[in-house]
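Structure below is upload.txt: compact mmCIF, C-alpha atoms (C1' of nucleotides).
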```
# COMPACT_ATOMS: atom_id res chain seq x y z
CA MET A 1 44.07 122.40 -14.59
CA PRO A 2 45.14 124.00 -11.30
CA MET A 3 47.25 122.12 -8.83
CA LYS A 4 45.39 121.24 -5.63
CA ILE A 5 47.50 121.36 -2.48
CA ALA A 6 45.81 120.29 0.75
CA THR A 7 46.57 120.05 4.45
CA TRP A 8 44.79 117.75 6.89
CA ASN A 9 45.50 116.82 10.50
CA ILE A 10 44.10 113.30 10.39
CA ASN A 11 44.65 112.43 14.07
CA GLY A 12 45.98 108.91 13.58
CA VAL A 13 46.52 107.47 10.10
CA LYS A 14 45.62 103.91 11.07
CA ALA A 15 42.27 104.88 12.58
CA ARG A 16 41.62 107.24 9.66
CA ILE A 17 42.74 105.22 6.65
CA ASP A 18 39.22 104.61 5.28
CA ASN A 19 38.33 108.31 5.60
CA LEU A 20 41.66 109.30 4.07
CA LEU A 21 41.24 107.04 1.03
CA HIS A 22 37.65 108.22 0.55
CA TRP A 23 38.70 111.86 0.69
CA LEU A 24 41.65 111.36 -1.69
CA GLU A 25 39.35 109.78 -4.27
CA GLU A 26 36.75 112.50 -3.82
CA ALA A 27 38.99 115.60 -3.65
CA GLN A 28 41.81 114.40 -5.92
CA PRO A 29 44.49 116.62 -4.35
CA ASP A 30 47.76 116.66 -6.26
CA ILE A 31 49.67 117.09 -3.01
CA ALA A 32 48.25 116.28 0.44
CA CYS A 33 50.08 117.27 3.62
CA LEU A 34 49.12 115.19 6.65
CA GLN A 35 49.76 115.83 10.34
CA GLU A 36 49.41 113.75 13.48
CA ILE A 37 49.90 110.50 11.62
CA LYS A 38 50.81 108.96 15.02
CA SER A 39 52.82 106.26 13.31
CA VAL A 40 56.40 105.23 12.80
CA ASP A 41 57.46 105.29 9.15
CA GLY A 42 57.58 101.50 8.87
CA LEU A 43 53.96 101.03 9.95
CA PHE A 44 52.45 103.81 7.82
CA PRO A 45 49.72 102.26 5.60
CA ARG A 46 51.32 103.36 2.35
CA GLY A 47 50.09 100.50 0.15
CA PRO A 48 46.47 101.58 -0.40
CA ILE A 49 47.57 105.21 -0.82
CA GLU A 50 50.15 104.28 -3.44
CA ALA A 51 47.43 102.25 -5.16
CA LEU A 52 45.58 105.54 -5.74
CA GLY A 53 48.59 106.91 -7.58
CA TYR A 54 50.42 108.77 -4.81
CA TYR A 55 54.05 108.83 -3.86
CA VAL A 56 54.34 108.75 -0.06
CA GLU A 57 57.00 110.34 2.14
CA THR A 58 56.68 110.26 5.93
CA HIS A 59 58.42 111.59 8.99
CA GLY A 60 56.89 109.71 11.87
CA GLN A 61 57.52 108.74 15.46
CA LYS A 62 55.95 106.35 17.92
CA GLY A 63 52.59 107.23 19.44
CA PHE A 64 52.07 110.88 18.56
CA ASN A 65 53.03 113.73 16.22
CA GLY A 66 54.30 112.67 12.78
CA VAL A 67 53.82 114.30 9.37
CA ALA A 68 53.61 113.07 5.78
CA ILE A 69 53.31 114.30 2.21
CA LEU A 70 51.30 112.37 -0.40
CA SER A 71 51.94 113.49 -3.96
CA LYS A 72 50.93 112.58 -7.49
CA LEU A 73 54.12 114.34 -8.56
CA ARG A 74 57.41 112.58 -8.09
CA PHE A 75 59.56 113.94 -5.25
CA ASP A 76 62.78 115.53 -6.49
CA GLU A 77 63.94 116.01 -2.90
CA VAL A 78 62.72 115.31 0.63
CA ASN A 79 63.95 116.94 3.86
CA ARG A 80 62.87 115.77 7.30
CA GLY A 81 62.99 117.76 10.51
CA LEU A 82 63.14 121.51 11.17
CA SER A 83 66.61 123.03 11.41
CA GLY A 84 67.80 125.05 14.37
CA ASP A 85 67.83 122.54 17.25
CA ASP A 86 69.67 119.23 16.99
CA GLU A 87 68.18 118.15 20.35
CA ASP A 88 64.59 118.33 19.07
CA ALA A 89 63.47 114.78 18.24
CA GLN A 90 59.78 115.53 17.67
CA ALA A 91 58.56 114.68 14.15
CA ARG A 92 56.76 117.83 13.05
CA PHE A 93 58.26 118.90 9.71
CA ILE A 94 58.80 117.44 6.24
CA GLU A 95 59.60 119.31 3.03
CA GLY A 96 59.11 118.02 -0.51
CA VAL A 97 60.44 119.57 -3.71
CA PHE A 98 58.67 118.99 -7.02
CA SER A 99 59.08 119.96 -10.67
CA THR A 100 56.25 121.86 -12.34
CA ASP A 101 55.76 123.50 -15.73
CA LYS A 102 56.81 126.75 -14.02
CA GLY A 103 59.86 125.35 -12.24
CA ALA A 104 60.44 124.12 -8.71
CA LEU A 105 57.64 123.92 -6.15
CA ARG A 106 58.37 123.44 -2.46
CA VAL A 107 55.73 122.15 -0.07
CA VAL A 108 56.09 121.70 3.70
CA SER A 109 53.81 119.66 5.93
CA LEU A 110 54.18 121.05 9.45
CA TYR A 111 52.66 120.26 12.82
CA LEU A 112 53.31 123.17 15.11
CA PRO A 113 53.45 122.40 18.85
CA ASN A 114 50.18 122.93 20.74
CA GLY A 115 51.91 124.77 23.60
CA ASN A 116 49.48 123.98 26.43
CA PRO A 117 49.65 124.18 29.37
CA VAL A 118 51.23 127.61 29.03
CA ASP A 119 52.91 127.48 32.48
CA THR A 120 55.02 124.49 31.42
CA GLU A 121 58.01 124.07 29.10
CA LYS A 122 55.53 123.31 26.30
CA PHE A 123 54.74 126.98 25.65
CA PRO A 124 58.34 128.21 25.24
CA TYR A 125 58.93 125.14 23.05
CA LYS A 126 56.08 126.27 20.81
CA LEU A 127 57.44 129.82 20.56
CA SER A 128 61.00 128.69 19.88
CA TRP A 129 59.72 126.24 17.24
CA MET A 130 57.93 129.16 15.55
CA GLU A 131 61.14 131.22 15.62
CA ARG A 132 63.02 128.31 14.03
CA LEU A 133 60.34 128.01 11.34
CA GLU A 134 60.54 131.74 10.64
CA ARG A 135 64.32 131.58 10.24
CA TRP A 136 63.97 128.58 7.93
CA ALA A 137 61.25 130.30 5.90
CA GLN A 138 63.29 133.48 5.58
CA ASP A 139 66.16 131.48 4.08
CA ARG A 140 63.81 129.76 1.62
CA LEU A 141 62.26 133.07 0.51
CA ALA A 142 65.62 134.02 -0.96
CA LEU A 143 65.07 131.28 -3.56
CA GLU A 144 62.09 133.24 -4.94
CA GLU A 145 60.22 130.01 -5.64
CA PRO A 146 56.61 128.97 -5.04
CA LEU A 147 56.64 127.64 -1.46
CA VAL A 148 53.65 126.39 0.51
CA LEU A 149 53.89 126.06 4.30
CA ALA A 150 50.88 123.85 4.99
CA GLY A 151 49.82 122.41 8.28
CA ASP A 152 48.29 122.54 11.71
CA TYR A 153 49.74 125.75 13.14
CA ASN A 154 47.87 125.45 16.45
CA VAL A 155 47.32 129.22 16.20
CA ILE A 156 43.98 131.06 16.02
CA PRO A 157 45.12 134.15 14.07
CA GLU A 158 42.24 136.50 14.89
CA PRO A 159 39.09 136.52 17.07
CA GLU A 160 37.07 136.02 13.87
CA ASP A 161 38.75 132.62 13.54
CA ALA A 162 36.90 131.23 16.59
CA LYS A 163 33.21 130.75 17.30
CA ASN A 164 33.81 131.71 20.94
CA PRO A 165 37.07 133.68 21.08
CA GLU A 166 36.52 134.57 24.74
CA ALA A 167 36.83 130.88 25.62
CA TRP A 168 40.38 130.82 24.17
CA VAL A 169 41.84 133.78 26.06
CA GLY A 170 44.98 132.56 27.82
CA ASP A 171 45.16 129.37 25.74
CA ALA A 172 48.44 128.74 23.91
CA LEU A 173 46.53 128.73 20.59
CA PHE A 174 45.34 132.31 21.16
CA ARG A 175 48.00 133.87 23.37
CA PRO A 176 49.31 137.23 22.06
CA GLU A 177 52.79 135.72 21.72
CA SER A 178 51.49 132.92 19.48
CA ARG A 179 49.45 135.28 17.35
CA ALA A 180 52.36 137.72 17.02
CA ALA A 181 54.66 134.90 15.93
CA PHE A 182 52.09 133.84 13.33
CA ARG A 183 51.82 137.42 12.03
CA LYS A 184 55.57 137.42 11.40
CA PHE A 185 54.97 135.09 8.46
CA SER A 186 52.76 137.77 6.92
CA HIS A 187 55.43 140.37 7.60
CA LEU A 188 58.00 138.17 5.89
CA GLY A 189 55.79 138.17 2.79
CA PHE A 190 53.69 135.03 3.19
CA THR A 191 50.00 135.02 2.34
CA ASP A 192 47.32 133.18 4.33
CA ALA A 193 45.67 131.41 1.38
CA LEU A 194 42.22 131.21 2.90
CA ARG A 195 42.14 134.84 4.03
CA ALA A 196 43.41 135.95 0.62
CA THR A 197 40.35 134.46 -1.05
CA THR A 198 37.59 135.27 1.45
CA GLN A 199 36.83 137.74 4.22
CA GLU A 200 33.95 135.59 5.41
CA ASP A 201 33.90 134.88 9.15
CA GLY A 202 32.90 131.58 10.71
CA ILE A 203 35.25 129.41 8.67
CA TYR A 204 36.72 126.77 10.97
CA THR A 205 39.01 123.76 10.49
CA PHE A 206 38.84 122.12 13.95
CA TRP A 207 36.01 121.12 16.25
CA ASP A 208 36.84 119.37 19.51
CA TYR A 209 35.46 115.87 20.03
CA GLN A 210 34.24 116.96 23.46
CA ALA A 211 31.18 118.81 24.74
CA GLY A 212 29.31 118.66 21.43
CA ALA A 213 31.61 121.21 19.79
CA TRP A 214 30.75 120.03 16.25
CA GLN A 215 26.99 120.04 16.87
CA LYS A 216 27.28 123.60 18.23
CA ASN A 217 29.69 124.65 15.46
CA ASN A 218 32.08 125.63 18.23
CA GLY A 219 35.12 125.59 15.95
CA ILE A 220 38.42 127.35 15.38
CA ARG A 221 40.57 127.98 12.29
CA ILE A 222 44.07 126.68 13.04
CA ASP A 223 45.03 124.79 9.84
CA HIS A 224 46.66 127.14 7.36
CA LEU A 225 48.39 127.25 3.99
CA MET A 226 50.93 130.08 3.99
CA LEU A 227 52.15 131.00 0.50
CA SER A 228 55.40 132.61 -0.61
CA PRO A 229 54.88 135.56 -2.99
CA GLU A 230 55.60 133.33 -5.99
CA ALA A 231 52.94 130.86 -4.79
CA ALA A 232 50.44 133.59 -3.89
CA ASP A 233 50.77 135.00 -7.42
CA ARG A 234 49.28 131.72 -8.65
CA LEU A 235 46.55 131.25 -6.04
CA SER A 236 43.17 130.78 -7.72
CA ALA A 237 40.89 129.30 -5.03
CA THR A 238 40.67 127.81 -1.55
CA SER A 239 38.17 125.50 0.09
CA VAL A 240 37.53 123.75 3.39
CA ALA A 241 36.22 120.16 3.29
CA LYS A 242 33.90 120.72 6.23
CA HIS A 243 31.66 117.77 5.34
CA THR A 244 34.37 115.29 6.37
CA ARG A 245 33.83 116.29 10.02
CA ALA A 246 30.37 114.67 9.82
CA TRP A 247 31.72 111.33 8.54
CA GLU A 248 31.88 108.23 10.71
CA LYS A 249 35.02 108.16 12.87
CA PRO A 250 36.05 111.69 11.81
CA SER A 251 39.28 113.48 12.54
CA ASP A 252 38.71 116.52 14.75
CA HIS A 253 40.26 118.57 11.89
CA VAL A 254 39.09 118.92 8.27
CA PRO A 255 41.13 119.36 5.07
CA VAL A 256 41.96 122.82 3.74
CA ILE A 257 42.74 123.04 0.02
CA ALA A 258 44.46 125.72 -2.07
CA GLU A 259 44.48 125.70 -5.85
CA LEU A 260 47.52 127.11 -7.63
CA SER A 261 47.88 127.77 -11.35
CA LEU A 262 50.68 125.31 -11.84
CA GLY A 263 50.91 122.18 -13.94
CA ALA A 264 52.95 119.01 -13.95
CA ALA A 265 56.42 119.32 -15.46
C1' DA B 1 30.86 120.62 34.79
C1' DT B 2 38.89 121.40 36.79
C1' DG B 3 34.86 117.36 33.11
C1' DG B 4 34.47 116.04 28.59
C1' DT B 5 36.59 112.37 23.86
C1' DA B 6 39.93 110.17 20.99
C1' DG B 7 44.47 107.61 19.14
C1' DT B 8 48.43 104.89 20.03
C1' DA B 9 50.13 101.06 22.09
C1' DG B 10 49.52 98.18 25.52
C1' DT B 11 49.48 102.27 30.64
C1' DA B 12 50.27 106.79 30.34
C1' DC B 13 50.79 110.38 27.25
C1' DT B 14 49.17 113.96 24.12
C1' DA B 15 45.83 116.97 22.41
```
Let me see the structure of the file written as structure tokens.
Amino acid sequence: MPMKIATWNINGVKARIDNLLHWLEEAQPDIACLQEIKSVDGLFPRGPIEALGYYVETHGQKGFNGVAILSKLRFDEVNRGLSGDDEDAQARFIEGVFSTDKGALRVVSLYLPNGNPVDTEKFPYKLSWMERLERWAQDRLALEEPLVLAGDYNVIPEPEDAKNPEAWVGDALFRPESRAAFRKFSHLGFTDALRATTQEDGIYTFWDYQAGAWQKNNGIRIDHLMLSPEAADRLSATSVAKHTRAWEKPSDHVPVIAELSLGAA
DNA sequence: ATGGTAGTAGTACTA
């Protein structure tokens, strides 16, 4: 049975716990990467998630940001925080290492900075964070292991990844600098899991709460699973759990799932 | 339509 690895920006784990539990039972991901948990580690509602058979590792902070990895596989190793800037206190990165029947598997849950407004320090912070991630990823590629960089990248890679691309011109999610930085992962050898399995347009992972964006299908694709060559070799399928956006009290993002031909150790 | 909606934590902030 393939291993299901998912990413979902849940926009507040406390407000979303019922939806999260429902989706875990329904989708049965082996590893689920969460972003925007908006919780400190001590207040993360781990009990009901552990009751479903998941190990839980979090990297949270008060009020906003925060990432987590839920896994049916035991964690061999956990690393919190992205290297390259000791002054950066924002909780946006957690890495888990697991044992599979094919050896080590590394999975990162990342929440890339939004970067708006672009005329503030937020935009250079986004670009420098992307450079740090690229340096980190380049180091990891030398291991020649299956590695999945899963998360909310806050980048619309191509015009085809937005219902109304013209509305995003100038936005930090669609600025040429952001898109170029995202392309560097492809140049390094990473594969966009969704694009590797479909050329279909109109696949989105985020619809704003405002202005009836969901009802108008005014979405964008900004949640991505980027696969190292060793992970891409084993990619068998991807899917987007679009139906969760229509649930009561939805996140503004939906889960994206990649299936890899890997088994438990 | 320089608004609109939502989460966290308890009044701005982030997106």
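The space separating atom CA of Trp247 of chain A from atom C1' of DG4 of chain B comes to 20.8 Å.
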Please identify all residues of chain A having at least one atom at most 6 Å from any atom of chain B, considering all atoms listed in the file, and return them as a ChimeraX atom specification.
/A:12,63,209-211
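Atom CA of Arg16 of chain A lies 22.6 Å from atom CA of Glu95 of chain A.
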Between atom CA of Glu177 of chain A and atom CA of Pro157 of chain A - distance in Å to one decimal:
10.9 Å
If we count only C-alpha atoms (C1' of nucleotides) and set the cut-off at 12 Å, which residues sit around Trp23 of chain A, ignoring sequence neighbours fewer than 6 positions away in its own chain? Please answer as a ChimeraX atom specification.
/A:6-8,10,16-17,29,32,49,52,241-245,247,250-251,254-257
Pick out the residues sitting within 10 Å of Ala232 of chain A, and hand them over as a PyMOL selection string; count only C-alpha atoms (C1' of nucleotides), and ignore anything fewer than 3 positions along from it in its own chain.
chain A and resi 146-148+189-193+196+226-229+235-236+260-261
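Shortest separation to Ile31 of chain A among A:Glu259, A:Ala213, A:Asp119, A:Ser186 occurs at residue A:Glu259, atoms counted being all atoms listed in the file.
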The centre and edge lengths of an axis-aligned box containing all atoms of segment 51-65 of chain A present in the file, extended by 3 Å on each side, are to be given in Å to one decimal, as lines of an AutoDock Vina configuration file.
```
center_x = 52.0
center_y = 108.0
center_z = 5.9
size_x = 18.8
size_y = 17.5
size_z = 33.0
```
Nearest to Asp201 of chain A, restricted to only C-alpha atoms and choosing among A:Ile220, A:Met130, A:Val108, A:Ala231, comes out as A:Ile220
Will you model N, CA and C atoms for segment 95-112 of chain A and pass it back as a PDB file, keeping the file's coordinate frame?
```pdb
ATOM      1  N   GLU A  95      59.635 118.459   4.215  1.00  0.00           N
ATOM      2  CA  GLU A  95      59.600 119.310   3.030  1.00  0.00           C
ATOM      3  C   GLU A  95      59.784 118.451   1.779  1.00  0.00           C
ATOM      4  N   GLY A  96      58.947 118.674   0.786  1.00  0.00           N
ATOM      5  CA  GLY A  96      59.110 118.020  -0.510  1.00  0.00           C
ATOM      6  C   GLY A  96      59.351 119.057  -1.590  1.00  0.00           C
ATOM      7  N   VAL A  97      60.176 118.691  -2.566  1.00  0.00           N
ATOM      8  CA  VAL A  97      60.440 119.570  -3.710  1.00  0.00           C
ATOM      9  C   VAL A  97      59.981 118.848  -4.969  1.00  0.00           C
ATOM     10  N   PHE A  98      59.261 119.573  -5.821  1.00  0.00           N
ATOM     11  CA  PHE A  98      58.670 118.990  -7.020  1.00  0.00           C
ATOM     12  C   PHE A  98      58.994 119.849  -8.238  1.00  0.00           C
ATOM     13  N   SER A  99      58.904 119.224  -9.420  1.00  0.00           N
ATOM     14  CA  SER A  99      59.080 119.960 -10.670  1.00  0.00           C
ATOM     15  C   SER A  99      57.717 120.233 -11.292  1.00  0.00           C
ATOM     16  N   THR A 100      57.492 121.497 -11.659  1.00  0.00           N
ATOM     17  CA  THR A 100      56.250 121.860 -12.340  1.00  0.00           C
ATOM     18  C   THR A 100      56.596 122.498 -13.684  1.00  0.00           C
ATOM     19  N   ASP A 101      55.544 122.829 -14.438  1.00  0.00           N
ATOM     20  CA  ASP A 101      55.760 123.500 -15.730  1.00  0.00           C
ATOM     21  C   ASP A 101      56.325 124.896 -15.543  1.00  0.00           C
ATOM     22  N   LYS A 102      56.272 125.405 -14.301  1.00  0.00           N
ATOM     23  CA  LYS A 102      56.810 126.750 -14.020  1.00  0.00           C
ATOM     24  C   LYS A 102      58.077 126.674 -13.173  1.00  0.00           C
ATOM     25  N   GLY A 103      58.652 125.486 -13.041  1.00  0.00           N
ATOM     26  CA  GLY A 103      59.860 125.350 -12.240  1.00  0.00           C
ATOM     27  C   GLY A 103      59.605 124.648 -10.926  1.00  0.00           C
ATOM     28  N   ALA A 104      60.514 124.849  -9.977  1.00  0.00           N
ATOM     29  CA  ALA A 104      60.440 124.120  -8.710  1.00  0.00           C
ATOM     30  C   ALA A 104      59.252 124.590  -7.867  1.00  0.00           C
ATOM     31  N   LEU A 105      58.679 123.648  -7.137  1.00  0.00           N
ATOM     32  CA  LEU A 105      57.640 123.920  -6.150  1.00  0.00           C
ATOM     33  C   LEU A 105      58.042 123.237  -4.863  1.00  0.00           C
ATOM     34  N   ARG A 106      58.035 123.998  -3.777  1.00  0.00           N
ATOM     35  CA  ARG A 106      58.370 123.440  -2.460  1.00  0.00           C
ATOM     36  C   ARG A 106      57.110 123.424  -1.603  1.00  0.00           C
ATOM     37  N   VAL A 107      56.891 122.289  -0.932  1.00  0.00           N
ATOM     38  CA  VAL A 107      55.730 122.150  -0.070  1.00  0.00           C
ATOM     39  C   VAL A 107      56.178 121.549   1.262  1.00  0.00           C
ATOM     40  N   VAL A 108      55.769 122.179   2.359  1.00  0.00           N
ATOM     41  CA  VAL A 108      56.090 121.700   3.700  1.00  0.00           C
ATOM     42  C   VAL A 108      54.803 121.247   4.391  1.00  0.00           C
ATOM     43  N   SER A 109      54.873 120.083   5.032  1.00  0.00           N
ATOM     44  CA  SER A 109      53.810 119.660   5.930  1.00  0.00           C
ATOM     45  C   SER A 109      54.338 119.849   7.348  1.00  0.00           C
ATOM     46  N   LEU A 110      53.683 120.726   8.117  1.00  0.00           N
ATOM     47  CA  LEU A 110      54.180 121.050   9.450  1.00  0.00           C
ATOM     48  C   LEU A 110      53.102 120.856  10.508  1.00  0.00           C
ATOM     49  N   TYR A 111      53.553 120.412  11.663  1.00  0.00           N
ATOM     50  CA  TYR A 111      52.660 120.260  12.820  1.00  0.00           C
ATOM     51  C   TYR A 111      53.255 121.042  13.962  1.00  0.00           C
ATOM     52  N   LEU A 112      52.754 122.264  14.118  1.00  0.00           N
ATOM     53  CA  LEU A 112      53.310 123.170  15.110  1.00  0.00           C
ATOM     54  C   LEU A 112      52.893 122.728  16.513  1.00  0.00           C
TER      55      LEU A 112
END
```
